[in-house]
>>> print(open('protein-v7.pdb').read())   # PDB, C-alpha atoms and all ligand atoms
ATOM      1  CA  MET A  24       1.347  21.762  18.994
ATOM      2  CA  THR A  25       2.860  21.835  15.533
ATOM      3  CA  ALA A  26       3.228  18.397  14.041
ATOM      4  CA  ARG A  27       6.484  16.931  12.831
ATOM      5  CA  VAL A  28       6.250  15.672   9.268
ATOM      6  CA  LEU A  29       6.674  11.967   8.581
ATOM      7  CA  ASP A  30       8.629  12.305   5.367
ATOM      8  CA  GLY A  31       7.632   9.325   3.235
ATOM      9  CA  LYS A  32       9.704  10.467   0.312
ATOM     10  CA  ALA A  33      12.924  10.479   2.333
ATOM     11  CA  ARG A  34      12.096   7.193   4.127
ATOM     12  CA  ALA A  35      11.251   5.541   0.795
ATOM     13  CA  ALA A  36      14.532   6.787  -0.702
ATOM     14  CA  ARG A  37      16.481   5.189   2.170
ATOM     15  CA  LEU A  38      14.563   1.957   1.757
ATOM     16  CA  THR A  39      15.064   1.785  -2.006
ATOM     17  CA  ALA A  40      18.778   2.527  -1.593
ATOM     18  CA  GLY A  41      19.004  -0.487   0.742
ATOM     19  CA  ILE A  42      17.051  -2.627  -1.726
ATOM     20  CA  ALA A  43      19.322  -1.529  -4.598
ATOM     21  CA  ALA A  44      22.377  -2.561  -2.564
ATOM     22  CA  ARG A  45      20.873  -5.991  -1.877
ATOM     23  CA  VAL A  46      19.953  -6.446  -5.544
ATOM     24  CA  ALA A  47      23.530  -5.557  -6.560
ATOM     25  CA  GLU A  48      24.870  -8.051  -4.029
ATOM     26  CA  ARG A  49      22.536 -10.709  -5.425
ATOM     27  CA  VAL A  50      23.755 -10.100  -8.943
ATOM     28  CA  ARG A  51      27.408 -10.075  -7.823
ATOM     29  CA  SER A  52      26.873 -13.495  -6.281
ATOM     30  CA  GLY A  53      25.677 -14.837  -9.627
ATOM     31  CA  ARG A  54      21.926 -14.799  -9.040
ATOM     32  CA  ALA A  55      19.420 -13.149 -11.387
ATOM     33  CA  PRO A  56      18.064  -9.710 -10.526
ATOM     34  CA  PRO A  57      14.489  -9.920  -9.212
ATOM     35  CA  GLY A  58      11.861  -9.415 -11.903
ATOM     36  CA  LEU A  59       8.581  -7.540 -11.427
ATOM     37  CA  ALA A  60       5.718  -7.717 -13.921
ATOM     38  CA  VAL A  61       3.222  -4.860 -13.837
ATOM     39  CA  VAL A  62       0.022  -5.364 -15.805
ATOM     40  CA  LEU A  63      -2.003  -2.318 -16.815
ATOM     41  CA  ILE A  64      -5.396  -2.664 -18.460
ATOM     42  CA  GLY A  65      -6.914   0.356 -20.168
ATOM     43  CA  GLU A  66      -5.931   4.005 -20.032
ATOM     44  CA  ASN A  67      -6.956   5.336 -16.621
ATOM     45  CA  PRO A  68      -4.672   8.416 -16.343
ATOM     46  CA  ALA A  69      -4.017   8.004 -12.597
ATOM     47  CA  SER A  70      -3.175   4.310 -13.087
ATOM     48  CA  GLN A  71      -0.830   5.203 -15.944
ATOM     49  CA  VAL A  72       1.079   7.573 -13.626
ATOM     50  CA  TYR A  73       1.277   4.978 -10.803
ATOM     51  CA  VAL A  74       2.428   2.250 -13.196
ATOM     52  CA  ARG A  75       5.050   4.499 -14.779
ATOM     53  CA  ASN A  76       6.451   5.310 -11.322
ATOM     54  CA  LYS A  77       6.478   1.650 -10.296
ATOM     55  CA  ARG A  78       8.307   0.582 -13.452
ATOM     56  CA  ARG A  79      10.801   3.431 -13.225
ATOM     57  CA  THR A  80      11.631   2.677  -9.586
ATOM     58  CA  THR A  81      11.904  -1.059 -10.311
ATOM     59  CA  GLU A  82      14.588  -0.372 -12.898
ATOM     60  CA  ALA A  83      16.282   2.213 -10.682
ATOM     61  CA  VAL A  84      17.003  -0.437  -8.010
ATOM     62  CA  GLY A  85      18.440  -2.805 -10.629
ATOM     63  CA  MET A  86      15.458  -5.136 -10.898
ATOM     64  CA  ARG A  87      13.985  -6.273 -14.216
ATOM     65  CA  SER A  88      10.689  -4.656 -15.122
ATOM     66  CA  PHE A  89       8.242  -6.569 -17.308
ATOM     67  CA  ALA A  90       5.525  -4.327 -18.778
ATOM     68  CA  PHE A  91       2.188  -5.658 -19.980
ATOM     69  CA  ASP A  92      -0.137  -2.930 -21.268
ATOM     70  CA  LEU A  93      -3.450  -4.340 -22.436
ATOM     71  CA  PRO A  94      -6.386  -2.526 -24.069
ATOM     72  CA  ALA A  95      -9.434  -1.737 -21.894
ATOM     73  CA  GLY A  96     -11.530  -4.295 -23.780
ATOM     74  CA  THR A  97      -9.186  -7.243 -23.083
ATOM     75  CA  PRO A  98     -11.359 -10.282 -22.293
ATOM     76  CA  GLN A  99     -11.015 -11.674 -18.782
ATOM     77  CA  THR A 100      -9.926 -15.078 -20.141
ATOM     78  CA  GLU A 101      -6.995 -13.381 -21.900
ATOM     79  CA  LEU A 102      -5.907 -11.613 -18.718
ATOM     80  CA  LEU A 103      -6.115 -14.849 -16.718
ATOM     81  CA  ALA A 104      -4.059 -16.641 -19.379
ATOM     82  CA  LEU A 105      -1.419 -13.893 -19.147
ATOM     83  CA  ILE A 106      -1.284 -14.313 -15.349
ATOM     84  CA  ASP A 107      -0.866 -18.073 -15.810
ATOM     85  CA  SER A 108       2.086 -17.511 -18.127
ATOM     86  CA  ILE A 109       3.669 -14.984 -15.731
ATOM     87  CA  ASN A 110       3.149 -17.413 -12.823
ATOM     88  CA  ALA A 111       5.066 -20.035 -14.821
ATOM     89  CA  ASP A 112       7.932 -17.716 -15.859
ATOM     90  CA  PRO A 113      10.924 -18.156 -13.500
ATOM     91  CA  SER A 114      12.446 -14.783 -14.480
ATOM     92  CA  VAL A 115       9.426 -13.001 -12.962
ATOM     93  CA  ASN A 116       9.398 -13.074  -9.158
ATOM     94  CA  GLY A 117       6.515 -10.691  -8.585
ATOM     95  CA  VAL A 118       3.393  -9.641 -10.421
ATOM     96  CA  LEU A 119       0.828  -6.967  -9.828
ATOM     97  CA  VAL A 120      -2.264  -6.063 -11.774
ATOM     98  CA  GLN A 121      -2.960  -2.353 -11.408
ATOM     99  CA  LEU A 122      -6.376  -1.548  -9.931
ATOM    100  CA  PRO A 123      -9.045  -0.460 -10.667
ATOM    101  CA  LEU A 124      -9.924  -2.953 -13.396
ATOM    102  CA  PRO A 125     -12.520  -2.399 -16.129
ATOM    103  CA  GLN A 126     -16.086  -3.380 -15.133
ATOM    104  CA  HIS A 127     -16.161  -6.609 -17.155
ATOM    105  CA  ILE A 128     -13.228  -8.068 -15.210
ATOM    106  CA  ASP A 129     -13.712  -9.750 -11.830
ATOM    107  CA  GLY A 130     -10.927  -8.304  -9.665
ATOM    108  CA  GLU A 131     -11.216 -11.010  -7.000
ATOM    109  CA  LEU A 132     -10.767 -13.734  -9.599
ATOM    110  CA  VAL A 133      -7.702 -11.971 -10.990
ATOM    111  CA  THR A 134      -6.124 -11.541  -7.538
ATOM    112  CA  GLU A 135      -6.751 -15.195  -6.697
ATOM    113  CA  ARG A 136      -5.189 -16.336  -9.972
ATOM    114  CA  ILE A 137      -1.802 -14.838  -9.041
ATOM    115  CA  ASP A 138       0.637 -17.330  -7.528
ATOM    116  CA  PRO A 139       0.672 -16.283  -3.814
ATOM    117  CA  ARG A 140       4.482 -16.549  -3.866
ATOM    118  CA  LYS A 141       4.529 -13.855  -6.580
ATOM    119  CA  ASP A 142       1.735 -11.753  -5.056
ATOM    120  CA  VAL A 143       3.838  -8.671  -4.293
ATOM    121  CA  ASP A 144       0.717  -6.542  -3.724
ATOM    122  CA  GLY A 145       0.019  -8.881  -0.789
ATOM    123  CA  LEU A 146      -3.685  -9.041  -1.600
ATOM    124  CA  HIS A 147      -4.118 -12.758  -2.411
ATOM    125  CA  PRO A 148      -6.323 -14.524   0.174
ATOM    126  CA  TYR A 149      -3.285 -16.603   1.201
ATOM    127  CA  ASN A 150      -1.250 -13.506   2.071
ATOM    128  CA  ILE A 151      -4.190 -11.772   3.746
ATOM    129  CA  GLY A 152      -4.818 -14.971   5.722
ATOM    130  CA  ARG A 153      -1.202 -15.044   6.864
ATOM    131  CA  LEU A 154      -1.581 -11.439   8.047
ATOM    132  CA  VAL A 155      -4.758 -12.374   9.943
ATOM    133  CA  LEU A 156      -2.812 -15.149  11.669
ATOM    134  CA  LYS A 157       0.052 -12.782  12.660
ATOM    135  CA  ARG A 158       2.430 -14.671  10.367
ATOM    136  CA  PRO A 159       2.685 -12.287   7.403
ATOM    137  CA  VAL A 160       4.641 -13.264   4.305
ATOM    138  CA  LEU A 161       4.004 -10.751   1.507
ATOM    139  CA  ARG A 162       2.184  -7.825   3.110
ATOM    140  CA  PRO A 163      -0.196  -5.355   1.393
ATOM    141  CA  CYS A 164       2.074  -2.509   0.325
ATOM    142  CA  THR A 165       0.186   0.577   1.469
ATOM    143  CA  PRO A 166      -0.537  -0.530   5.076
ATOM    144  CA  TYR A 167       2.982  -1.988   5.263
ATOM    145  CA  GLY A 168       4.375   1.419   4.278
ATOM    146  CA  CYS A 169       2.131   3.149   6.833
ATOM    147  CA  MET A 170       3.555   0.882   9.555
ATOM    148  CA  VAL A 171       7.129   1.735   8.575
ATOM    149  CA  LEU A 172       6.229   5.431   8.855
ATOM    150  CA  LEU A 173       4.530   4.951  12.237
ATOM    151  CA  LYS A 174       7.682   3.227  13.497
ATOM    152  CA  GLU A 175       9.695   6.260  12.363
ATOM    153  CA  THR A 176       8.085   8.163  15.250
ATOM    154  CA  GLY A 177      10.093   5.964  17.620
ATOM    155  CA  ALA A 178       6.989   5.555  19.791
ATOM    156  CA  ASP A 179       5.784   2.308  21.298
ATOM    157  CA  LEU A 180       2.545   1.638  19.410
ATOM    158  CA  ALA A 181       1.259  -1.013  21.831
ATOM    159  CA  GLY A 182      -1.921   0.038  23.615
ATOM    160  CA  LYS A 183      -2.562   3.060  21.422
ATOM    161  CA  HIS A 184      -6.070   3.549  20.102
ATOM    162  CA  ALA A 185      -5.945   3.568  16.301
ATOM    163  CA  VAL A 186      -8.950   4.800  14.332
ATOM    164  CA  ILE A 187      -8.959   3.846  10.665
ATOM    165  CA  ILE A 188     -11.350   5.606   8.311
ATOM    166  CA  GLY A 189     -12.116   3.286   5.405
ATOM    167  CA  GLN A 190     -12.477  -0.482   5.260
ATOM    168  CA  SER A 191     -11.306  -1.344   1.742
ATOM    169  CA  ASN A 192      -9.418  -4.551   1.031
ATOM    170  CA  ILE A 193      -6.292  -2.636  -0.001
ATOM    171  CA  VAL A 194      -6.147  -0.011   2.769
ATOM    172  CA  GLY A 195      -8.447  -0.166   5.801
ATOM    173  CA  ARG A 196      -8.778  -3.896   6.463
ATOM    174  CA  PRO A 197      -5.099  -4.880   6.164
ATOM    175  CA  MET A 198      -4.177  -1.695   8.065
ATOM    176  CA  ALA A 199      -6.344  -2.902  10.953
ATOM    177  CA  LEU A 200      -4.521  -6.246  10.927
ATOM    178  CA  GLU A 201      -1.093  -4.569  10.894
ATOM    179  CA  LEU A 202      -2.027  -2.356  13.851
ATOM    180  CA  LEU A 203      -3.438  -5.330  15.758
ATOM    181  CA  ILE A 204      -0.124  -7.138  15.323
ATOM    182  CA  GLU A 205       1.473  -4.131  17.068
ATOM    183  CA  ARG A 206      -1.188  -4.527  19.783
ATOM    184  CA  CYS A 207      -3.003  -1.293  19.123
ATOM    185  CA  THR A 208      -6.679  -1.115  19.978
ATOM    186  CA  VAL A 209      -8.281  -0.708  16.570
ATOM    187  CA  THR A 210     -11.520   0.934  15.472
ATOM    188  CA  VAL A 211     -12.424   0.642  11.788
ATOM    189  CA  CYS A 212     -14.853   3.255  10.443
ATOM    190  CA  HIS A 213     -16.743   3.433   7.155
ATOM    191  CA  SER A 214     -19.609   5.266   5.531
ATOM    192  CA  LYS A 215     -22.182   3.885   7.991
ATOM    193  CA  THR A 216     -20.184   4.743  11.112
ATOM    194  CA  ARG A 217     -22.029   6.955  13.589
ATOM    195  CA  ASP A 218     -20.305  10.015  15.028
ATOM    196  CA  LEU A 219     -17.099   9.688  13.068
ATOM    197  CA  PRO A 220     -15.651  12.981  14.423
ATOM    198  CA  GLY A 221     -16.289  11.745  17.988
ATOM    199  CA  LEU A 222     -14.419   8.502  17.306
ATOM    200  CA  VAL A 223     -11.506  10.245  15.587
ATOM    201  CA  ARG A 224     -11.230  12.601  18.604
ATOM    202  CA  GLN A 225     -10.405   9.527  20.740
ATOM    203  CA  ALA A 226      -7.620   8.358  18.449
ATOM    204  CA  ASP A 227      -3.926   8.264  19.296
ATOM    205  CA  ILE A 228      -3.385   7.169  15.687
ATOM    206  CA  VAL A 229      -5.628   8.232  12.795
ATOM    207  CA  VAL A 230      -5.345   6.504   9.428
ATOM    208  CA  ALA A 231      -7.473   8.073   6.693
ATOM    209  CA  GLY A 232      -8.209   6.046   3.559
ATOM    210  CA  VAL A 233     -11.467   7.562   2.373
ATOM    211  CA  GLY A 234     -10.787   9.129  -1.005
ATOM    212  CA  LYS A 235     -12.366  12.508  -0.173
ATOM    213  CA  PRO A 236     -10.272  15.699  -0.321
ATOM    214  CA  ASN A 237      -9.558  17.276   3.089
ATOM    215  CA  PHE A 238     -12.341  15.184   4.661
ATOM    216  CA  VAL A 239     -10.817  14.870   8.153
ATOM    217  CA  GLN A 240     -11.122  18.234   9.896
ATOM    218  CA  GLY A 241      -8.419  19.653  12.119
ATOM    219  CA  ASP A 242     -10.711  19.818  15.146
ATOM    220  CA  TRP A 243     -11.351  16.055  14.905
ATOM    221  CA  VAL A 244      -7.693  15.409  15.721
ATOM    222  CA  LYS A 245      -6.696  14.802  19.342
ATOM    223  CA  ASP A 246      -3.704  16.761  20.647
ATOM    224  CA  GLY A 247      -0.546  14.755  20.038
ATOM    225  CA  ALA A 248      -2.128  12.205  17.673
ATOM    226  CA  PHE A 249      -0.210  10.540  14.836
ATOM    227  CA  VAL A 250      -1.996  11.189  11.541
ATOM    228  CA  ILE A 251      -1.419   8.957   8.517
ATOM    229  CA  ASP A 252      -3.103  10.253   5.377
ATOM    230  CA  VAL A 253      -3.475   7.577   2.702
ATOM    231  CA  GLY A 254      -5.788   9.578   0.443
ATOM    232  CA  ILE A 255      -4.702  10.796  -2.966
ATOM    233  CA  ASN A 256      -7.212  13.307  -4.279
ATOM    234  CA  ARG A 257      -7.495  16.521  -6.253
ATOM    235  CA  ASP A 258      -9.003  19.540  -4.520
ATOM    236  CA  ALA A 259     -11.348  22.021  -6.229
ATOM    237  CA  THR A 260      -8.368  23.789  -7.819
ATOM    238  CA  GLY A 261      -6.954  20.530  -9.183
ATOM    239  CA  LYS A 262      -4.125  20.397  -6.639
ATOM    240  CA  LEU A 263      -3.080  17.026  -5.217
ATOM    241  CA  CYS A 264      -4.274  16.604  -1.627
ATOM    242  CA  GLY A 265      -5.001  13.947   0.954
ATOM    243  CA  ASP A 266      -8.047  12.987   3.006
ATOM    244  CA  VAL A 267      -6.931  15.178   5.916
ATOM    245  CA  ASP A 268      -6.978  18.972   6.203
ATOM    246  CA  PHE A 269      -3.200  19.030   6.576
ATOM    247  CA  ALA A 270      -2.746  22.626   7.794
ATOM    248  CA  ALA A 271      -5.451  22.395  10.480
ATOM    249  CA  ALA A 272      -4.519  18.870  11.603
ATOM    250  CA  SER A 273      -0.844  19.895  11.891
ATOM    251  CA  GLU A 274      -1.840  22.341  14.637
ATOM    252  CA  ARG A 275      -2.854  19.433  16.868
ATOM    253  CA  ALA A 276      -1.084  16.270  15.720
ATOM    254  CA  SER A 277       2.411  15.391  16.903
ATOM    255  CA  TRP A 278       3.265  13.568  13.662
ATOM    256  CA  ILE A 279       1.577  13.795  10.254
ATOM    257  CA  THR A 280       2.190  12.520   6.735
ATOM    258  CA  PRO A 281       1.985  15.014   3.869
ATOM    259  CA  VAL A 282       0.308  14.452   0.485
ATOM    260  CA  PRO A 283       2.190  14.199  -1.775
ATOM    261  CA  GLY A 284       5.387  12.839  -0.243
ATOM    262  CA  GLY A 285       3.911  10.679   2.528
ATOM    263  CA  VAL A 286       2.316   7.277   2.081
ATOM    264  CA  GLY A 287       2.479   7.287  -1.753
ATOM    265  CA  PRO A 288       6.271   6.839  -2.125
ATOM    266  CA  MET A 289       6.231   4.270   0.705
ATOM    267  CA  THR A 290       3.749   2.111  -1.212
ATOM    268  CA  ILE A 291       6.202   1.811  -4.104
ATOM    269  CA  ALA A 292       9.144   1.167  -1.780
ATOM    270  CA  MET A 293       7.240  -1.655  -0.058
ATOM    271  CA  LEU A 294       6.349  -3.131  -3.452
ATOM    272  CA  LEU A 295      10.063  -3.394  -4.217
ATOM    273  CA  ALA A 296      10.779  -4.782  -0.740
ATOM    274  CA  ASN A 297       8.125  -7.440  -1.388
ATOM    275  CA  THR A 298       9.591  -8.234  -4.817
ATOM    276  CA  LEU A 299      13.040  -8.781  -3.321
ATOM    277  CA  GLN A 300      11.530 -10.884  -0.538
ATOM    278  CA  ALA A 301       9.555 -12.928  -3.105
ATOM    279  CA  ALA A 302      12.738 -13.563  -5.132
ATOM    280  CA  GLU A 303      14.584 -14.702  -2.000
ATOM    281  CA  LEU A 304      11.722 -16.987  -0.970
ATOM    282  CA  GLN A 305      11.621 -18.475  -4.464
ATOM    283  CA  ASP A 306      15.422 -19.027  -4.367
ATOM    284  CA  SER A 307      15.134 -20.872  -1.088
ATOM    285  CA  VAL A 308      12.604 -23.366  -2.439
ATOM    286  CA  ALA A 309      14.170 -23.727  -5.934
TER     287      ALA A 309
HETATM  288  P1  LIG A 401     -12.390   2.821  -1.438
HETATM  289  O1  LIG A 401     -12.284   1.391  -1.824
HETATM  290  O2  LIG A 401     -13.307   3.720  -2.203
HETATM  291  O3  LIG A 401     -12.781   2.880   0.115
HETATM  292  C1  LIG A 401     -13.115   4.059   0.709
HETATM  293  C2  LIG A 401     -13.563   3.780   2.123
HETATM  294  O4  LIG A 401     -13.954   5.017   2.719
HETATM  295  C3  LIG A 401     -14.770   2.840   2.214
HETATM  296  O5  LIG A 401     -14.572   1.891   3.216
HETATM  297  C4  LIG A 401     -15.919   3.784   2.564
HETATM  298  O6  LIG A 401     -16.914   3.195   3.384
HETATM  299  C5  LIG A 401     -15.212   4.850   3.353
HETATM  300  N1  LIG A 401     -15.963   6.092   3.339
HETATM  301  C6  LIG A 401     -16.463   6.744   2.265
HETATM  302  N2  LIG A 401     -17.142   7.838   2.664
HETATM  303  C7  LIG A 401     -17.063   7.864   4.002
HETATM  304  C8  LIG A 401     -17.579   8.723   4.992
HETATM  305  N3  LIG A 401     -18.321   9.799   4.678
HETATM  306  N4  LIG A 401     -17.305   8.464   6.297
HETATM  307  C9  LIG A 401     -16.560   7.382   6.636
HETATM  308  N5  LIG A 401     -16.055   6.524   5.733
HETATM  309  C10 LIG A 401     -16.309   6.758   4.445
HETATM  310  O7  LIG A 401     -10.976   3.542  -1.484
HETATM  311  P2  LIG A 401      -9.492   2.935  -1.317
HETATM  312  O8  LIG A 401      -9.128   2.183  -2.540
HETATM  313  O9  LIG A 401      -9.350   2.296   0.005
HETATM  314  O10 LIG A 401      -8.654   4.297  -1.320
HETATM  315  C11 LIG A 401      -8.876   5.315  -0.364
HETATM  316  C12 LIG A 401      -7.995   6.512  -0.691
HETATM  317  O11 LIG A 401      -6.630   6.087  -0.569
HETATM  318  C13 LIG A 401      -8.130   7.038  -2.106
HETATM  319  O12 LIG A 401      -7.891   8.437  -2.095
HETATM  320  C14 LIG A 401      -6.997   6.347  -2.859
HETATM  321  O13 LIG A 401      -6.554   7.092  -3.980
HETATM  322  C15 LIG A 401      -5.945   6.329  -1.791
HETATM  323  N6  LIG A 401      -4.923   5.290  -1.934
HETATM  324  C16 LIG A 401      -3.641   5.692  -1.801
HETATM  325  C17 LIG A 401      -2.630   4.770  -1.856
HETATM  326  C18 LIG A 401      -1.226   5.229  -1.668
HETATM  327  O14 LIG A 401      -0.291   4.551  -2.042
HETATM  328  N7  LIG A 401      -1.023   6.407  -1.064
HETATM  329  C19 LIG A 401      -2.903   3.411  -2.063
HETATM  330  C20 LIG A 401      -4.245   3.019  -2.162
HETATM  331  C21 LIG A 401      -5.260   3.978  -2.081
HETATM  332  P3  LIG A 401     -17.874   1.991   2.890
HETATM  333  O15 LIG A 401     -17.000   0.770   2.933
HETATM  334  O16 LIG A 401     -18.963   1.983   3.889
HETATM  335  O17 LIG A 401     -18.301   2.332   1.510
END
>>> encode(input="protein-v7.pdb", output="C-alpha cells", more="lines below")
Ligand code: NAP
Amino acid sequence: MTARVLDGKARAARLTAGIAARVAERVRSGRAPPGLAVVLIGENPASQVYVRNKRRTTEAVGMRSFAFDLPAGTPQTELLALIDSINADPSVNGVLVQLPLPQHIDGELVTERIDPRKDVDGLHPYNIGRLVLKRPVLRPCTPYGCMVLLKETGADLAGKHAVIIGQSNIVGRPMALELLIERCTVTVCHSKTRDLPGLVRQADIVVAGVGKPNFVQGDWVKDGAFVIDVGINRDATGKLCGDVDFAAASERASWITPVPGGVGPMTIAMLLANTLQAAELQDSVA
C-alpha cells in the first residue's frame, strides 16, 4: 500500500481563508478585529521562527497581532504582571506565551495566570478540564489540528485503536482526550512503555509526538493505518523531519502526514480558529 498524504498545508490554507472571511465580516458589521498577543521570552531560534509565523498568519487573516518580546532574564513577576495587563485589555482576545520558557520561570504558573477565556493555546486547567469532560471550549491547538486532519480521511474514527507515542501536556495527553471523544480506543505510550513496536503494530491510528528524528520505523506500522506525525526535528544532515520514517511508513499506511507541511501548519490554523472563537465568546458575554 502507498499512503495518501494528509496535506496539512493545504487544509490549513482552507481553514485560514475561512477565518479571514469571518474576520472581514466581523469588521464589516462594526466589531473590532480579534486581537492575539504572542509573548516570546529569550532568543530560542526555533521559538523565534514559530512566533514569526504565528504573527505573520495572524495579520494575514486580518486580526491584530500584539508582539511582546522579552529578554531571557525577565523576572517571573514581570511576566505575570504583563499577563495580568493583557488579561485586562479588551482589544486582546487571545494570548499565548511561547514555550519552552527559561528555567527560572514556572510554566504551570504562567499558564494558570492566563484568563481561560483568552487561553487560545487551550492549555489552562479550565480548558483541559472541559476537554476531559467532553465539553471542550478552547482546545489545545496541535491535537485539535491532528483531529481535523484525521477527519479529512473521511473515515469513521469510532472504535479504532489509536496509539499515541508521547504523553506531554501539549501533545499526547490532550490528543488522547480528543480521540476518546471520537470514541477511539486509546493507548498512550511514553519512555517507560514496554514493547512499543508491538503496541504500534496494533494501531489503526498512530500519533507520534516524541521529538526523535525518524523514531517510528516503517515495519511498526500496520497495513492501512493512519499515521499522524507531530514531531519537528532535524536529522543528521540538518534537514527538517518528523518522528516517523516517512518513506518506510508510507509503504504500509493508508494515510500519513508529512513533515514539514503536516501538523505544523494546522497548529497555527487552529490557534487562529481559537482566537476567533475567543473573540466571539467574549462578545457574547460583553
Ligand atoms: P516532550 O514534552 O519532550 O514529550 C516527549 C514524549 O515522548 C514524552 O512523553 C516521552 O516520554 C516520550 N518519549 C521519549 N522517548 C521515548 C521513547 N524512547 N519511547 C516512547 N516514548 C518516548 O515533547 P513535546 O513537547 O510533546 O513534543 C514532541 C514533538 O512534537 C517534538 O518534536 C516537538 O517539536 C513536536 N511538536 C510539534 C508541534 C507542531 O505544531 N507540529 C507542536 C508541539 C510539539 P516520558 O513522558 O516518559 O518522558
>>> residues_near_ligand(input="protein-v7.pdb", ligand="ligand LIG 401 (chain A)", cutoff="8 Å", atoms="all atoms listed in the file", output="PyMOL selection string")
chain A and resi 164-165+188-195+212-216+219+231-236+252-256+265-266+285-291
>>> resolve_selection(input="protein-v7.pdb", expression="the PyMOL selection byres (((chain A and resi 271) around 12) and not hetatm)", output="PDB file with C-alpha atoms, in the frame of the given file")
ATOM      1  CA  MET A  24       1.347  21.762  18.994  1.00  0.00           C
ATOM      2  CA  THR A  25       2.860  21.835  15.533  1.00  0.00           C
ATOM      3  CA  ALA A  26       3.228  18.397  14.041  1.00  0.00           C
ATOM      4  CA  ASN A 237      -9.558  17.276   3.089  1.00  0.00           C
ATOM      5  CA  PHE A 238     -12.341  15.184   4.661  1.00  0.00           C
ATOM      6  CA  VAL A 239     -10.817  14.870   8.153  1.00  0.00           C
ATOM      7  CA  GLN A 240     -11.122  18.234   9.896  1.00  0.00           C
ATOM      8  CA  GLY A 241      -8.419  19.653  12.119  1.00  0.00           C
ATOM      9  CA  ASP A 242     -10.711  19.818  15.146  1.00  0.00           C
ATOM     10  CA  TRP A 243     -11.351  16.055  14.905  1.00  0.00           C
ATOM     11  CA  VAL A 244      -7.693  15.409  15.721  1.00  0.00           C
ATOM     12  CA  LYS A 245      -6.696  14.802  19.342  1.00  0.00           C
ATOM     13  CA  ASP A 246      -3.704  16.761  20.647  1.00  0.00           C
ATOM     14  CA  VAL A 250      -1.996  11.189  11.541  1.00  0.00           C
ATOM     15  CA  VAL A 267      -6.931  15.178   5.916  1.00  0.00           C
ATOM     16  CA  ASP A 268      -6.978  18.972   6.203  1.00  0.00           C
ATOM     17  CA  PHE A 269      -3.200  19.030   6.576  1.00  0.00           C
ATOM     18  CA  ALA A 270      -2.746  22.626   7.794  1.00  0.00           C
ATOM     19  CA  ALA A 272      -4.519  18.870  11.603  1.00  0.00           C
ATOM     20  CA  SER A 273      -0.844  19.895  11.891  1.00  0.00           C
ATOM     21  CA  GLU A 274      -1.840  22.341  14.637  1.00  0.00           C
ATOM     22  CA  ARG A 275      -2.854  19.433  16.868  1.00  0.00           C
ATOM     23  CA  ALA A 276      -1.084  16.270  15.720  1.00  0.00           C
ATOM     24  CA  ILE A 279       1.577  13.795  10.254  1.00  0.00           C
TER      25      ILE A 279
END
>>> closest_atom_pairs(input="protein-v7.pdb", of="range 33-85 of chain A", to="range 166-173 of chain A", cutoff="12 Å", atoms="only C-alpha atoms", output="tab-separated table")
residue	atom	partner	partner_atom	distance
A:Ala33	CA	A:Leu172	CA	10.6
A:Arg34	CA	A:Leu172	CA	7.7
A:Ala35	CA	A:Gly168	CA	8.7
A:Arg37	CA	A:Val171	CA	11.8
A:Leu38	CA	A:Val171	CA	10.1
>>> write_last_selection(input="protein-v7.pdb", atoms="C-alpha atoms", output="mmCIF file, in the frame of the given file")
data_model
loop_
_atom_site.group_PDB
_atom_site.id
_atom_site.type_symbol
_atom_site.label_atom_id
_atom_site.label_comp_id
_atom_site.auth_asym_id
_atom_site.auth_seq_id
_atom_site.Cartn_x
_atom_site.Cartn_y
_atom_site.Cartn_z
ATOM 1 C CA ALA A 33 12.924 10.479 2.333
ATOM 2 C CA ARG A 34 12.096 7.193 4.127
ATOM 3 C CA ALA A 35 11.251 5.541 0.795
ATOM 4 C CA ARG A 37 16.481 5.189 2.170
ATOM 5 C CA LEU A 38 14.563 1.957 1.757
#
>>> atom_distance(input="protein-v7.pdb", atom1="CA of Ile109 in chain A", atom2="CA of Asp138 in chain A")
9.1 Å
>>> residues_around(input="protein-v7.pdb", residues="Leu295 in chain A", least_positions_apart="5", cutoff="8 Å", atoms="all atoms listed in the file", output="ChimeraX atom specification")
/A:39,42,81
>>> closest_residue(input="protein-v7.pdb", among="A:Asp179, A:Asp129, A:Asp144, A:Asp112", to="Leu202 in chain A", atoms="all atoms listed in the file")
A:Asp179
>>> residues_around(input="protein-v7.pdb", residues="Glu82 in chain A", least_positions_apart="5", cutoff="10 Å", atoms="all atoms listed in the file", output="list in words")
Ala43, Gly58, Leu59, Lys77, Arg87, Ser88 and Phe89 of chain A
>>> closest_residue(input="protein-v7.pdb", among="A:Leu124, A:Ile204, A:Val160, A:Val84", to="Ser70 in chain A", atoms="only C-alpha atoms")
A:Leu124
>>> resolve_selection(input="protein-v7.pdb", expression="the PyMOL selection byres (((chain A and resi 149) around 10) and not hetatm)", output="short mmCIF file (atom, residue, chain, number, x, y, z; two decimals) with C-alpha atoms, keeping the file's coordinate frame")
data_model
loop_
_atom_site.label_atom_id
_atom_site.label_comp_id
_atom_site.auth_asym_id
_atom_site.auth_seq_id
_atom_site.Cartn_x
_atom_site.Cartn_y
_atom_site.Cartn_z
CA GLU A 135 -6.75 -15.20 -6.70
CA ASP A 138 0.64 -17.33 -7.53
CA PRO A 139 0.67 -16.28 -3.81
CA ARG A 140 4.48 -16.55 -3.87
CA ASP A 142 1.74 -11.75 -5.06
CA GLY A 145 0.02 -8.88 -0.79
CA LEU A 146 -3.68 -9.04 -1.60
CA HIS A 147 -4.12 -12.76 -2.41
CA PRO A 148 -6.32 -14.52 0.17
CA ASN A 150 -1.25 -13.51 2.07
CA ILE A 151 -4.19 -11.77 3.75
CA GLY A 152 -4.82 -14.97 5.72
CA ARG A 153 -1.20 -15.04 6.86
CA LEU A 154 -1.58 -11.44 8.05
CA VAL A 155 -4.76 -12.37 9.94
CA PRO A 159 2.68 -12.29 7.40
CA VAL A 160 4.64 -13.26 4.30
CA LEU A 161 4.00 -10.75 1.51
#
>>> resolve_selection(input="protein-v7.pdb", expression="the PyMOL selection byres (((chain A and resi 75) around 12) and not hetatm)", output="list in words")
Val61, Val62, Leu63, Pro68, Ala69, Ser70, Gln71, Val72, Tyr73, Val74, Asn76, Lys77, Arg78, Arg79, Thr80, Thr81, Glu82, Ser88, Phe89, Ala90, Phe91, Asp92, Gln121 and Ile291 of chain A
>>> atom_distance(input="protein-v7.pdb", atom1="CA of Ala104 in chain A", atom2="CA of Glu66 in chain A")
20.7 Å
